[in-house]
file entry.cif (mmCIF, C-alpha atoms)
data_target
loop_
_atom_site.group_PDB
_atom_site.id
_atom_site.type_symbol
_atom_site.label_atom_id
_atom_site.label_comp_id
_atom_site.auth_asym_id
_atom_site.auth_seq_id
_atom_site.Cartn_x
_atom_site.Cartn_y
_atom_site.Cartn_z
ATOM 1 C CA MET A 1 162.870 35.095 100.201
ATOM 2 C CA SER A 2 163.681 31.664 98.788
ATOM 3 C CA ASP A 3 167.158 30.220 99.144
ATOM 4 C CA ALA A 4 166.782 28.619 95.711
ATOM 5 C CA HIS A 5 168.960 29.770 92.860
ATOM 6 C CA LEU A 6 167.474 32.779 91.127
ATOM 7 C CA ARG A 7 168.810 31.913 87.700
ATOM 8 C CA THR A 8 170.876 29.381 85.800
ATOM 9 C CA ARG A 9 174.174 30.003 84.055
ATOM 10 C CA GLY A 10 173.449 30.811 80.430
ATOM 11 C CA ASP A 11 175.584 28.045 78.954
ATOM 12 C CA ALA A 12 174.732 25.485 81.641
ATOM 13 C CA ALA A 13 173.112 23.210 79.063
ATOM 14 C CA ASP A 14 176.035 23.335 76.611
ATOM 15 C CA PRO A 15 176.779 19.661 75.813
ATOM 16 C CA LYS A 16 180.427 20.549 75.242
ATOM 17 C CA ARG A 17 180.890 21.649 78.867
ATOM 18 C CA ASP A 18 181.977 19.347 81.655
ATOM 19 C CA LEU A 19 179.385 20.118 84.342
ATOM 20 C CA SER A 20 181.169 18.307 87.151
ATOM 21 C CA TYR A 21 182.647 20.410 89.932
ATOM 22 C CA PRO A 22 186.457 20.190 90.233
ATOM 23 C CA PRO A 23 187.937 18.336 93.214
ATOM 24 C CA LEU A 24 188.768 20.167 96.421
ATOM 25 C CA PRO A 25 192.201 21.802 96.211
ATOM 26 C CA GLN A 26 194.770 21.585 98.955
ATOM 27 C CA ALA A 27 193.676 23.828 101.815
ATOM 28 C CA LEU A 28 195.410 27.156 102.344
ATOM 29 C CA VAL A 29 197.512 27.474 105.480
ATOM 30 C CA VAL A 30 196.554 31.148 105.823
ATOM 31 C CA PRO A 31 192.845 31.727 105.070
ATOM 32 C CA VAL A 32 191.539 34.330 102.627
ATOM 33 C CA TYR A 33 188.228 35.610 101.274
ATOM 34 C CA ASP A 34 186.489 35.369 97.917
ATOM 35 C CA ASN A 35 185.578 39.015 97.432
ATOM 36 C CA HIS A 36 183.277 38.502 94.438
ATOM 37 C CA THR A 37 180.977 35.558 93.824
ATOM 38 C CA HIS A 38 177.447 34.829 92.553
ATOM 39 C CA MET A 39 176.038 31.915 94.537
ATOM 40 C CA GLU A 40 172.509 32.630 93.286
ATOM 41 C CA ILE A 41 173.426 31.291 89.840
ATOM 42 C CA ALA A 42 172.930 27.550 89.378
ATOM 43 C CA ASP A 43 175.591 25.593 87.525
ATOM 44 C CA GLY A 44 176.701 21.988 87.483
ATOM 45 C CA GLY A 45 173.496 20.533 86.051
ATOM 46 C CA ASP A 46 171.714 18.281 88.535
ATOM 47 C CA ASN A 47 174.589 18.771 90.980
ATOM 48 C CA ALA A 48 174.209 22.545 91.410
ATOM 49 C CA LEU A 49 175.450 23.610 94.847
ATOM 50 C CA ASP A 50 173.323 25.858 97.035
ATOM 51 C CA TYR A 51 174.945 28.627 99.040
ATOM 52 C CA ARG A 52 175.423 26.471 102.159
ATOM 53 C CA GLU A 53 177.271 23.808 100.179
ATOM 54 C CA HIS A 54 179.414 26.475 98.535
ATOM 55 C CA LEU A 55 180.337 27.939 101.913
ATOM 56 C CA ASP A 56 181.028 24.599 103.569
ATOM 57 C CA ARG A 57 183.372 23.555 100.788
ATOM 58 C CA ALA A 58 185.068 26.934 100.914
ATOM 59 C CA SER A 59 185.532 26.742 104.679
ATOM 60 C CA SER A 60 187.169 23.336 104.343
ATOM 61 C CA VAL A 61 189.997 24.720 102.164
ATOM 62 C CA GLY A 62 190.728 27.984 103.957
ATOM 63 C CA VAL A 63 188.280 30.408 102.348
ATOM 64 C CA ARG A 64 186.748 31.939 105.454
ATOM 65 C CA GLY A 65 184.147 34.179 103.817
ATOM 66 C CA VAL A 66 182.722 35.578 100.597
ATOM 67 C CA VAL A 67 181.186 38.740 99.215
ATOM 68 C CA GLN A 68 177.957 37.721 97.480
ATOM 69 C CA VAL A 69 177.315 40.160 94.639
ATOM 70 C CA GLY A 70 174.013 41.291 93.166
ATOM 71 C CA THR A 71 173.541 42.312 89.549
ATOM 72 C CA ASP A 72 169.923 43.499 89.595
ATOM 73 C CA LEU A 73 167.346 44.335 92.231
ATOM 74 C CA ALA A 74 166.221 40.723 92.763
ATOM 75 C CA THR A 75 169.724 39.276 93.122
ATOM 76 C CA SER A 76 170.751 42.201 95.317
ATOM 77 C CA GLN A 77 167.804 41.540 97.631
ATOM 78 C CA TRP A 78 168.759 37.841 97.706
ATOM 79 C CA SER A 79 172.380 38.709 98.475
ATOM 80 C CA ALA A 80 171.411 41.009 101.334
ATOM 81 C CA SER A 81 169.016 38.391 102.714
ATOM 82 C CA ILE A 82 171.666 35.656 102.774
ATOM 83 C CA ALA A 83 174.251 37.982 104.330
ATOM 84 C CA ALA A 84 171.795 38.918 107.065
ATOM 85 C CA ARG A 85 171.732 35.369 108.407
ATOM 86 C CA GLU A 86 174.978 33.732 107.278
ATOM 87 C CA PRO A 87 178.147 34.872 109.107
ATOM 88 C CA ARG A 88 180.404 33.823 106.248
ATOM 89 C CA VAL A 89 178.669 36.153 103.775
ATOM 90 C CA LEU A 90 178.733 39.896 103.204
ATOM 91 C CA ALA A 91 176.709 41.454 100.398
ATOM 92 C CA ALA A 92 177.310 43.830 97.509
ATOM 93 C CA VAL A 93 174.251 45.308 95.796
ATOM 94 C CA ALA A 94 173.846 47.024 92.432
ATOM 95 C CA LEU A 95 172.395 47.054 88.961
ATOM 96 C CA HIS A 96 174.881 45.579 86.502
ATOM 97 C CA PRO A 97 175.731 48.079 83.748
ATOM 98 C CA ASN A 98 174.144 45.823 81.150
ATOM 99 C CA GLU A 99 170.841 46.061 83.068
ATOM 100 C CA ALA A 100 170.721 49.858 82.913
ATOM 101 C CA PRO A 101 169.742 50.422 79.246
ATOM 102 C CA ALA A 102 166.768 48.046 79.380
ATOM 103 C CA LEU A 103 165.550 49.458 82.686
ATOM 104 C CA ASP A 104 165.909 52.975 81.340
ATOM 105 C CA ALA A 105 163.917 52.100 78.219
ATOM 106 C CA GLN A 106 161.136 50.744 80.442
ATOM 107 C CA GLY A 107 161.160 53.825 82.648
ATOM 108 C CA LEU A 108 162.246 51.716 85.637
ATOM 109 C CA LEU A 109 165.873 52.732 86.144
ATOM 110 C CA ASP A 110 165.232 55.335 88.841
ATOM 111 C CA GLU A 111 162.882 53.010 90.740
ATOM 112 C CA HIS A 112 165.423 50.189 90.763
ATOM 113 C CA LEU A 113 168.237 52.541 91.757
ATOM 114 C CA ALA A 114 166.093 53.645 94.698
ATOM 115 C CA GLY A 115 165.761 49.981 95.667
ATOM 116 C CA ILE A 116 169.546 49.611 95.655
ATOM 117 C CA ALA A 117 169.849 52.724 97.836
ATOM 118 C CA GLU A 118 167.495 51.157 100.404
ATOM 119 C CA LEU A 119 169.551 47.954 100.524
ATOM 120 C CA ALA A 120 172.740 49.979 100.954
ATOM 121 C CA ALA A 121 171.610 50.978 104.433
ATOM 122 C CA LEU A 122 171.599 47.378 105.704
ATOM 123 C CA PRO A 123 174.477 46.579 108.084
ATOM 124 C CA ARG A 124 175.860 43.502 106.280
ATOM 125 C CA VAL A 125 175.747 45.184 102.874
ATOM 126 C CA ARG A 126 179.329 46.386 102.561
ATOM 127 C CA ALA A 127 179.703 47.309 98.896
ATOM 128 C CA ILE A 128 177.873 48.853 95.963
ATOM 129 C CA GLY A 129 178.499 46.697 92.947
ATOM 130 C CA GLU A 130 178.874 45.399 90.549
ATOM 131 C CA THR A 131 178.499 48.649 88.683
ATOM 132 C CA GLY A 132 180.522 50.380 86.017
ATOM 133 C CA LEU A 133 180.570 50.305 82.234
ATOM 134 C CA ASP A 134 180.419 47.482 79.701
ATOM 135 C CA PHE A 135 181.014 48.446 76.084
ATOM 136 C CA PHE A 136 181.286 44.807 75.010
ATOM 137 C CA ARG A 137 177.569 44.019 75.244
ATOM 138 C CA THR A 138 176.086 47.521 75.121
ATOM 139 C CA GLY A 139 176.195 49.713 72.033
ATOM 140 C CA ASP A 140 176.336 53.484 71.748
ATOM 141 C CA ASP A 141 172.579 53.873 72.243
ATOM 142 C CA GLY A 142 172.746 52.391 75.751
ATOM 143 C CA ARG A 143 175.831 54.110 77.066
ATOM 144 C CA ASP A 144 174.147 57.218 78.457
ATOM 145 C CA ALA A 145 171.974 55.007 80.669
ATOM 146 C CA GLN A 146 175.032 53.053 81.814
ATOM 147 C CA VAL A 147 176.870 56.238 82.748
ATOM 148 C CA ARG A 148 173.859 57.645 84.624
ATOM 149 C CA SER A 149 173.448 54.400 86.538
ATOM 150 C CA PHE A 150 177.172 54.251 87.308
ATOM 151 C CA GLU A 151 177.202 57.811 88.617
ATOM 152 C CA GLU A 152 174.236 57.122 90.904
ATOM 153 C CA HIS A 153 175.887 53.981 92.266
ATOM 154 C CA ILE A 154 178.991 56.030 93.060
ATOM 155 C CA ARG A 155 176.809 58.554 94.904
ATOM 156 C CA ILE A 156 175.139 55.782 96.927
ATOM 157 C CA ALA A 157 178.490 54.241 97.839
ATOM 158 C CA LYS A 158 179.856 57.549 99.091
ATOM 159 C CA GLU A 159 176.670 58.408 100.972
ATOM 160 C CA HIS A 160 176.856 55.140 102.908
ATOM 161 C CA ASP A 161 180.668 54.956 103.098
ATOM 162 C CA LEU A 162 180.697 51.638 101.256
ATOM 163 C CA ALA A 163 183.202 50.107 98.892
ATOM 164 C CA LEU A 164 182.513 50.408 95.160
ATOM 165 C CA THR A 165 182.868 47.268 93.036
ATOM 166 C CA ILE A 166 183.678 48.104 89.422
ATOM 167 C CA HIS A 167 182.635 46.072 86.371
ATOM 168 C CA ASP A 168 184.865 47.257 83.527
ATOM 169 C CA ARG A 169 184.639 45.493 80.186
ATOM 170 C CA ASP A 170 186.182 47.122 77.118
ATOM 171 C CA ALA A 171 185.686 50.475 78.857
ATOM 172 C CA HIS A 172 188.874 51.230 80.798
ATOM 173 C CA ASP A 173 189.225 54.876 79.743
ATOM 174 C CA ALA A 174 185.536 55.672 80.189
ATOM 175 C CA VAL A 175 185.402 54.079 83.652
ATOM 176 C CA VAL A 176 188.418 56.071 84.792
ATOM 177 C CA GLU A 177 186.939 59.261 83.331
ATOM 178 C CA VAL A 178 183.721 58.856 85.312
ATOM 179 C CA LEU A 179 185.560 57.997 88.536
ATOM 180 C CA ASP A 180 187.864 61.002 88.150
ATOM 181 C CA ARG A 181 185.060 63.388 87.191
ATOM 182 C CA VAL A 182 182.553 62.343 89.864
ATOM 183 C CA GLY A 183 185.077 61.375 92.509
ATOM 184 C CA ALA A 184 185.757 57.752 93.385
ATOM 185 C CA PRO A 185 184.799 56.391 96.802
ATOM 186 C CA GLU A 186 187.683 55.885 99.203
ATOM 187 C CA LYS A 187 187.521 52.115 98.664
ATOM 188 C CA THR A 188 187.189 51.319 94.956
ATOM 189 C CA VAL A 189 187.745 47.798 93.635
ATOM 190 C CA PHE A 190 188.252 46.818 89.998
ATOM 191 C CA HIS A 191 186.572 43.408 90.068
ATOM 192 C CA CYS A 192 187.969 40.755 87.744
ATOM 193 C CA PHE A 193 190.764 43.123 86.810
ATOM 194 C CA SER A 194 191.059 42.987 83.037
ATOM 195 C CA GLY A 195 193.613 45.635 82.196
ATOM 196 C CA GLY A 196 197.323 45.494 81.612
ATOM 197 C CA PRO A 197 200.258 47.167 83.346
ATOM 198 C CA ASP A 198 199.194 50.677 82.306
ATOM 199 C CA LEU A 199 195.806 50.392 84.004
ATOM 200 C CA ALA A 200 197.455 48.765 87.014
ATOM 201 C CA ARG A 201 199.808 51.741 87.353
ATOM 202 C CA LEU A 202 196.887 54.145 87.084
ATOM 203 C CA CYS A 203 194.942 52.246 89.763
ATOM 204 C CA ALA A 204 198.010 52.220 91.980
ATOM 205 C CA GLU A 205 198.393 56.002 91.648
ATOM 206 C CA ARG A 206 194.784 56.517 92.754
ATOM 207 C CA GLY A 207 194.797 53.878 95.486
ATOM 208 C CA TRP A 208 192.225 51.672 93.751
ATOM 209 C CA TYR A 209 192.191 47.966 94.511
ATOM 210 C CA MET A 210 192.675 45.304 91.860
ATOM 211 C CA SER A 211 190.914 41.966 92.303
ATOM 212 C CA PHE A 212 192.251 39.074 90.225
ATOM 213 C CA ALA A 213 190.045 36.169 89.150
ATOM 214 C CA GLY A 214 190.763 32.789 87.568
ATOM 215 C CA THR A 215 191.580 34.576 84.318
ATOM 216 C CA VAL A 216 195.035 35.368 85.704
ATOM 217 C CA THR A 217 195.800 31.624 85.437
ATOM 218 C CA PHE A 218 194.854 31.352 81.738
ATOM 219 C CA LYS A 219 197.695 30.716 79.286
ATOM 220 C CA ASN A 220 196.615 33.598 77.041
ATOM 221 C CA ALA A 221 196.479 36.139 79.901
ATOM 222 C CA GLN A 222 200.083 37.300 80.103
ATOM 223 C CA LEU A 223 198.946 40.943 80.261
ATOM 224 C CA LEU A 224 197.098 40.163 83.490
ATOM 225 C CA ARG A 225 200.187 38.574 84.988
ATOM 226 C CA ASP A 226 202.201 41.612 83.901
ATOM 227 C CA ALA A 227 199.635 43.810 85.634
ATOM 228 C CA LEU A 228 199.886 41.690 88.776
ATOM 229 C CA HIS A 229 203.618 42.383 88.876
ATOM 230 C CA VAL A 230 202.911 46.127 88.693
ATOM 231 C CA ALA A 231 200.100 46.174 91.281
ATOM 232 C CA PRO A 232 201.267 47.075 94.811
ATOM 233 C CA ARG A 233 200.639 44.138 97.131
ATOM 234 C CA HIS A 234 198.536 46.282 99.477
ATOM 235 C CA LEU A 235 196.046 46.877 96.638
ATOM 236 C CA VAL A 236 195.633 43.254 95.473
ATOM 237 C CA MET A 237 192.689 40.945 96.182
ATOM 238 C CA VAL A 238 191.429 37.624 94.828
ATOM 239 C CA GLU A 239 188.015 36.423 93.651
ATOM 240 C CA THR A 240 186.241 33.703 91.718
ATOM 241 C CA ASP A 241 183.384 35.537 89.942
ATOM 242 C CA ALA A 242 181.819 32.079 90.266
ATOM 243 C CA PRO A 243 180.257 30.265 88.553
ATOM 244 C CA TYR A 244 182.349 31.799 85.755
ATOM 245 C CA LEU A 245 186.097 32.021 85.046
ATOM 246 C CA THR A 246 187.164 28.740 86.617
ATOM 247 C CA PRO A 247 190.948 28.724 87.031
ATOM 248 C CA THR A 248 193.348 26.455 85.185
ATOM 249 C CA PRO A 249 193.410 23.437 84.954
ATOM 250 C CA PHE A 250 189.598 23.296 85.213
ATOM 251 C CA ARG A 251 188.697 26.129 82.850
ATOM 252 C CA GLY A 252 185.141 25.733 81.539
ATOM 253 C CA ARG A 253 183.861 23.643 84.452
ATOM 254 C CA PRO A 254 181.660 25.138 87.194
ATOM 255 C CA ASN A 255 183.482 27.591 89.425
ATOM 256 C CA ALA A 256 182.925 28.036 93.155
ATOM 257 C CA PRO A 257 184.505 29.883 96.109
ATOM 258 C CA TYR A 258 186.350 26.732 97.228
ATOM 259 C CA LEU A 259 188.595 27.051 94.155
ATOM 260 C CA ILE A 260 190.173 30.304 95.381
ATOM 261 C CA PRO A 261 193.340 28.417 96.492
ATOM 262 C CA LEU A 262 194.116 27.560 92.850
ATOM 263 C CA THR A 263 194.089 31.198 91.795
ATOM 264 C CA LEU A 264 195.954 32.416 94.855
ATOM 265 C CA ARG A 265 198.734 29.846 94.452
ATOM 266 C CA SER A 266 199.047 30.741 90.768
ATOM 267 C CA MET A 267 199.345 34.420 91.704
ATOM 268 C CA ALA A 268 202.017 33.604 94.278
ATOM 269 C CA GLU A 269 203.949 31.617 91.688
ATOM 270 C CA THR A 270 203.734 34.508 89.218
ATOM 271 C CA LEU A 271 205.057 36.893 91.856
ATOM 272 C CA GLY A 272 207.726 34.505 93.087
ATOM 273 C CA THR A 273 206.462 34.715 96.649
ATOM 274 C CA ASP A 274 205.192 32.355 99.329
ATOM 275 C CA ALA A 275 201.485 31.558 99.048
ATOM 276 C CA SER A 276 200.931 32.042 102.782
ATOM 277 C CA MET A 277 202.564 35.467 102.736
ATOM 278 C CA LEU A 278 200.412 36.530 99.799
ATOM 279 C CA ALA A 279 197.297 35.106 101.460
ATOM 280 C CA ALA A 280 197.996 37.084 104.644
ATOM 281 C CA GLN A 281 198.379 40.298 102.655
ATOM 282 C CA ILE A 282 195.226 39.682 100.614
ATOM 283 C CA ALA A 283 193.175 38.798 103.690
ATOM 284 C CA SER A 284 194.273 42.035 105.348
ATOM 285 C CA ASN A 285 193.462 44.047 102.215
ATOM 286 C CA THR A 286 190.027 42.468 101.944
ATOM 287 C CA GLU A 287 189.144 43.240 105.554
ATOM 288 C CA LEU A 288 190.282 46.846 105.082
ATOM 289 C CA VAL A 289 187.900 47.215 102.157
ATOM 290 C CA TYR A 290 184.805 45.439 103.501
ATOM 291 C CA GLY A 291 185.326 45.401 107.254
ATOM 292 C CA ALA A 292 185.188 42.358 109.490
ATOM 293 C CA TRP A 293 182.782 39.585 108.592
ATOM 294 C CA ASP A 294 181.718 39.342 112.243
ATOM 295 C CA ALA A 295 181.354 43.085 112.894
ATOM 296 C CA GLU A 296 177.562 42.921 112.630
ATOM 297 C CA PRO A 297 175.426 40.098 114.061
ATOM 298 C CA VAL A 298 173.440 37.796 111.835
ATOM 299 C CA THR A 299 169.817 36.885 112.417
ATOM 300 C CA VAL A 300 168.690 33.367 113.297
ATOM 301 C CA ASP A 301 167.690 31.335 110.258
ATOM 302 C CA GLU A 302 164.427 29.726 111.395
#
call {"tool": "encode", "arguments": {"input": "entry.cif", "output": "structure tokens"}}
result
Amino acid sequence: MSDAHLRTRGDAADPKRDLSYPPLPQALVVPVYDNHTHMEIADGGDNALDYREHLDRASSVGVRGVVQVGTDLATSQWSASIAAREPRVLAAVALHPNEAPALDAQGLLDEHLAGIAELAALPRVRAIGETGLDFFRTGDDGRDAQVRSFEEHIRIAKEHDLALTIHDRDAHDAVVEVLDRVGAPEKTVFHCFSGGPDLARLCAERGWYMSFAGTVTFKNAQLLRDALHVAPRHLVMVETDAPYLTPTPFRGRPNAPYLIPLTLRSMAETLGTDASMLAAQIASNTELVYGAWDAEPVTVDE
């Protein structure tokens, strides 16, 4: 499989965007992980970074590893392939909820879900995701397919004892209903946590992890910062969701795993704690969810 980017960010050609990558932030003293990124998506115009460049920059500032996340069968296969030969990468594989209605209409949903189930058996695939529900982009006519896909992803995660990475957009109550009805995997992560304190309390009660992205640094995201205060520290993680959601002060520019220190330091400031203490807690949490990055050997990239 090619190492080339599989797709380009949808607004990459927007003339209003600054396509330059932000400068390297000050390195973290205690290293952490980016537990949700999409290195297969090109951004930055002619200066798009490939996965090796992303990882090298990340390593230089104390981001010791990433979880590369698939959103359809092709990107999931790419993610698993990179993880198989790059020790700084673990993979998550899934069909994004917004993919499910179209696949269902084409009669391909079951076939693609079977492909995800095959990838789930690979040793450096450590999560099923991102899956969940998205009522922002999908109307009522596509929701049954989203729910069916979500339920099957939950089954796959439990069968393989993998973490479940949740995509939840404008669908908090419905996501919780499915997880409660079907039974959530032991390790369930709300990626790019987008709820407020009430959802944070609910996640805390159920032992679900909350992963905060660059959005927690945005001026208009006080509800996220309120949720961060509510979230128990042992259930908190950090991510980029790169190339999207670049943290302040570089909002709108290309995002990348090496910018994790900006979000982590902002979170520490919000919580009134030391960045190194928070980093140590988050690193421990992340390893509990996904396992050690060096637990399974990688193949030689020839």
call {"tool": "residues_near_point", "arguments": {"input": "entry.cif", "point": "(200.1, 40.9, 90.5)", "cutoff": "12 Å", "atoms": "all atoms listed in the file", "output": "ChimeraX atom specification"}}
result
/A:193-197,200-201,204,209-213,216-217,222-238,263-273,278,282
call {"tool": "residues_around", "arguments": {"input": "entry.cif", "residues": "range 169-171 of chain A", "least_positions_apart": "4", "cutoff": "9 Å", "atoms": "all atoms listed in the file", "output": "list in words"}}
result
Gly132, Leu133, Asp134, Phe135, Phe136, Arg137, Val175, Val176 and Ser194 of chain A
call {"tool": "residues_near_point", "arguments": {"input": "entry.cif", "point": "(187.3, 57.5, 88.1)", "cutoff": "12 Å", "atoms": "all atoms listed in the file", "output": "PyMOL selection string"}}
result
chain A and resi 132-133+147+150-151+154+164+166+168+171-190+199+202-203+205-208
call {"tool": "write_last_selection", "arguments": {"input": "entry.cif", "atoms": "C-alpha atoms", "output": "compact mmCIF listing (two decimals), in the coordinates of the input"}}
result
# COMPACT_ATOMS: atom_id res chain seq x y z
CA GLY A 132 180.52 50.38 86.02
CA LEU A 133 180.57 50.30 82.23
CA VAL A 147 176.87 56.24 82.75
CA PHE A 150 177.17 54.25 87.31
CA GLU A 151 177.20 57.81 88.62
CA ILE A 154 178.99 56.03 93.06
CA LEU A 164 182.51 50.41 95.16
CA ILE A 166 183.68 48.10 89.42
CA ASP A 168 184.86 47.26 83.53
CA ALA A 171 185.69 50.48 78.86
CA HIS A 172 188.87 51.23 80.80
CA ASP A 173 189.22 54.88 79.74
CA ALA A 174 185.54 55.67 80.19
CA VAL A 175 185.40 54.08 83.65
CA VAL A 176 188.42 56.07 84.79
CA GLU A 177 186.94 59.26 83.33
CA VAL A 178 183.72 58.86 85.31
CA LEU A 179 185.56 58.00 88.54
CA ASP A 180 187.86 61.00 88.15
CA ARG A 181 185.06 63.39 87.19
CA VAL A 182 182.55 62.34 89.86
CA GLY A 183 185.08 61.38 92.51
CA ALA A 184 185.76 57.75 93.38
CA PRO A 185 184.80 56.39 96.80
CA GLU A 186 187.68 55.88 99.20
CA LYS A 187 187.52 52.12 98.66
CA THR A 188 187.19 51.32 94.96
CA VAL A 189 187.74 47.80 93.64
CA PHE A 190 188.25 46.82 90.00
CA LEU A 199 195.81 50.39 84.00
CA LEU A 202 196.89 54.14 87.08
CA CYS A 203 194.94 52.25 89.76
CA GLU A 205 198.39 56.00 91.65
CA ARG A 206 194.78 56.52 92.75
CA GLY A 207 194.80 53.88 95.49
CA TRP A 208 192.22 51.67 93.75
call {"tool": "resolve_selection", "arguments": {"input": "entry.cif", "expression": "the PyMOL selection byres ((chain A and resi 68) around 9)", "output": "count of residues only"}}
result
21
call {"tool": "atom_distance", "arguments": {"input": "entry.cif", "atom1": "CA of Thr215 in chain A", "atom2": "CA of Glu130 in chain A"}}
result
17.8 Å
